[in-house]
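These notes are about the structure you will find just below.
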Amino acid sequence: MSSVRSVLSLFTVALLWAMSASAPLPESSGDPELLQFVQKNREFVLRIKQDVSRIRKLMLKQFKIGSDNELMLMQEMLGISQVDLSLCRTEPCDLTGCFNQIRTGLHTYQGYFSRIKEILPDFAGHIDGLQADVTNLSSNLQRQMQESGLTVVAYPQTESQANPSFLESEREIGSYLVLRNFEKFLEMTFRALRHCSS
């Protein structure tokens with residue numbers, strides 16, 4: 001009876017080993033092309049972040065923007081929320097979910113930027129350059145996803161993205177808060193890319 005048990009145990013171990021050997025590797029398994037893509041686009045994200053910071057400083061000079069505490073209160077009152085990147089923090093990294101969430105966030109901010117250009121024409125030139133970089137980053141992500149065989153999810157623009165109400169009631173502060181949130185979003189994106197390449 002014990003010999004039968006031993007044979008069964010050995011068979012179970014062998015079966016489990018075979019299953020684990022044939023299972024797909026985690027998406028963040030160190031693919032050299034993916035690592036190169038992540039490194040290149042992390043640098044791109046940092047460059048965009050620097051541009052956003054520069055535009056925010058220009059707004060601070062031109063508009064009467066309150067203290068950090070006042071801005072936090074205003075952000076809460078206006079209902080300006082941050083884009084969700086929760087799938088970028090999973091272990092191991094969920095590349096498909098993370099990259100789609102980043103692209104969704106970029107798409108959301110593109111809608112905000114288009115409206116900011118309309119209501120703050122003095123900043124249209126700065127926002128144009130920002131939008132071009134955001135479009136390039138989103139395209140880079142989509143191309144890498146397609147090359148890696150990941151599922152690309154396309155999200156249509158909603159009315160709240162095209163015409164966010166908070167930009168109508170508080171044009172200057174609302175626009176500044178969008179840029180501040182976008183800068184934080186880029187920081188999270190940078191960390192997500194680093195996490196997914198580890």
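FYI, nothing fancy with the structure tokens labels: chains A, B, ... in order, residues from 1 per chain, ligands from 1 as they appear.
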
Residues within 9 Å of segment 61-78 of chain A, please, as a PDB file with C-alpha atoms, in the first residue's frame. Count only C-alpha atoms; anything in the same chain fewer than 2 positions from it doesn't count.
```pdb
ATOM      1  CA  ARG A  56       1.953  74.977 -14.212  1.00  0.00           C
ATOM      2  CA  LYS A  57       4.571  77.554 -13.218  1.00  0.00           C
ATOM      3  CA  LEU A  58       3.395  79.817 -16.042  1.00  0.00           C
ATOM      4  CA  MET A  59      -0.178  79.523 -14.757  1.00  0.00           C
ATOM      5  CA  ILE A  80     -11.742  66.238  -9.837  1.00  0.00           C
ATOM      6  CA  SER A  81     -10.598  62.668  -9.281  1.00  0.00           C
ATOM      7  CA  SER A 165     -18.111  70.622 -15.688  1.00  0.00           C
ATOM      8  CA  PHE A 166     -15.340  71.702 -13.312  1.00  0.00           C
ATOM      9  CA  LEU A 167     -13.614  73.546 -16.169  1.00  0.00           C
ATOM     10  CA  SER A 169     -17.265  76.742 -13.194  1.00  0.00           C
ATOM     11  CA  GLU A 170     -13.603  77.345 -12.296  1.00  0.00           C
ATOM     12  CA  GLU A 172      -8.302  78.914 -14.235  1.00  0.00           C
ATOM     13  CA  ILE A 173      -8.091  76.877 -11.029  1.00  0.00           C
ATOM     14  CA  GLY A 174      -9.753  73.873 -12.716  1.00  0.00           C
ATOM     15  CA  TYR A 176      -4.339  74.245 -13.019  1.00  0.00           C
ATOM     16  CA  LEU A 177      -5.693  71.306 -11.000  1.00  0.00           C
TER      17      LEU A 177
END
```

List every residue of segment 99-169 of chain A that has an atom at most 10 Å from any atom of segment 88-92 of chain A, giving for each one its closest atom pair and the distance in Å to one decimal, counting only C-alpha atoms, sorted by chain and then by ascending residue number, as a tab-separated table.
```
residue	atom	partner	partner_atom	distance
A:Phe99	CA	A:Cys88	CA	7.8
A:Asn100	CA	A:Cys88	CA	9.7
A:Gln101	CA	A:Cys88	CA	8.0
A:Ile102	CA	A:Cys88	CA	8.6
```

Keeping only N, CA and C atoms, write those residues as a CSV table (one decimal), in the first residue's frame.
```csv
chain,number,residue,atom,x,y,z
A,99,PHE,N,-1.2,48.7,-18.9
A,99,PHE,CA,-1.1,49.5,-20.1
A,99,PHE,C,-2.4,50.0,-20.6
A,100,ASN,N,-3.5,49.3,-20.4
A,100,ASN,CA,-4.8,49.8,-20.8
A,100,ASN,C,-5.2,50.9,-19.9
A,101,GLN,N,-5.0,50.8,-18.6
A,101,GLN,CA,-5.3,51.8,-17.7
A,101,GLN,C,-4.5,53.1,-17.9
A,102,ILE,N,-3.3,52.9,-18.3
A,102,ILE,CA,-2.5,54.1,-18.6
A,102,ILE,C,-3.0,54.8,-19.8
```

With only C-alpha atoms as the counted atoms, please give the residues lying no more than 9 Å from Thr104 of chain A, apart from itself and same-chain residues fewer than 4 positions off, as number ranges by chain.
A: 83, 99-100, 108-109, 138, 153-155

Which of chain A DSSP labels helix (DSSP H, G or I), written as an MDAnalysis selection string
chainID A and resid 2:22 32:62 68:78 86:89 95:119 121:147 159:162 166:169 171:196

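The residue set within 9 Å of Leu186 of chain A, counting only C-alpha atoms and dropping same-chain residues fewer than 2 places from it, reads Val45, Leu46, Ile48, Lys49, Asn181, Phe182, Glu183, Lys184, Met188, Thr189, Phe190 and Arg191 of chain A.
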
Output N, CA and C atoms of each residue in that selection to a file, as a compact mmCIF listing (two decimals), in the first residue's frame.
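As written to disk, part-v9.txt reads:
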```
# COMPACT_ATOMS: atom_id res chain seq x y z
N VAL A 45 8.24 59.82 -20.38
CA VAL A 45 7.29 60.26 -19.34
C VAL A 45 7.91 61.37 -18.49
N LEU A 46 9.18 61.22 -18.14
CA LEU A 46 9.85 62.25 -17.34
C LEU A 46 9.93 63.57 -18.10
N ILE A 48 7.81 64.64 -20.44
CA ILE A 48 6.46 65.22 -20.44
C ILE A 48 6.17 65.87 -19.08
N LYS A 49 6.57 65.17 -18.02
CA LYS A 49 6.34 65.69 -16.66
C LYS A 49 7.03 67.04 -16.47
N ASN A 181 -2.89 67.26 -11.37
CA ASN A 181 -3.26 65.84 -11.32
C ASN A 181 -2.53 65.04 -12.40
N PHE A 182 -2.38 65.66 -13.58
CA PHE A 182 -1.71 64.96 -14.67
C PHE A 182 -0.24 64.72 -14.32
N GLU A 183 0.37 65.67 -13.64
CA GLU A 183 1.76 65.49 -13.21
C GLU A 183 1.87 64.30 -12.26
N LYS A 184 0.90 64.18 -11.34
CA LYS A 184 0.89 63.03 -10.42
C LYS A 184 0.64 61.73 -11.18
N MET A 188 2.94 58.30 -11.31
CA MET A 188 2.44 56.94 -11.12
C MET A 188 2.76 56.07 -12.34
N THR A 189 2.67 56.67 -13.53
CA THR A 189 2.98 55.93 -14.76
C THR A 189 4.46 55.54 -14.77
N PHE A 190 5.32 56.46 -14.36
CA PHE A 190 6.76 56.19 -14.30
C PHE A 190 7.03 55.01 -13.37
N ARG A 191 6.41 55.04 -12.17
CA ARG A 191 6.60 53.95 -11.22
C ARG A 191 6.04 52.64 -11.75
```

Counting only C-alpha atoms, which of A:His126, A:Arg143, A:Ser148, A:Gly79 gets nearest to Pro164 of chain A?
A:Gly79

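Taking only C-alpha atoms into account, Phe185 of chain A lies nearest to A:Leu106 out of the set A:Cys98, A:Val134, A:Leu106, A:Ile119.
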
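Distances here use only C-alpha atoms; by that measure, the residue among A:Gly105, A:Val38, A:Cys196, A:Gln110 closest to Thr135 of chain A is A:Gln110.
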
Nearest residue to Leu179 of chain A from the set A:Gln144, A:Ser197, A:Leu150, A:Tyr112 (distances using only C-alpha atoms)
A:Tyr112

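Here atom CA of Leu60 of chain A is placed at a distance of 19.2 Å from atom CA of Glu168 of chain A.
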
Find the distance between atom CA of Arg103 of chain A and atom CA of Ser139 of chain A and write it in Å to one decimal.
8.7 Å

All residues 12 Å or closer to Arg47 of chain A, only C-alpha atoms, same chain fewer than 4 positions away omitted, as JSON, numbers by chain:
{"A": [40, 41, 42, 43, 51, 52, 53, 54, 129, 130, 133, 134, 137, 183, 186, 187, 190]}

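The coordinates place atom CA of Gly125 of chain A at 10.5 Å from atom CA of Ile55 of chain A.
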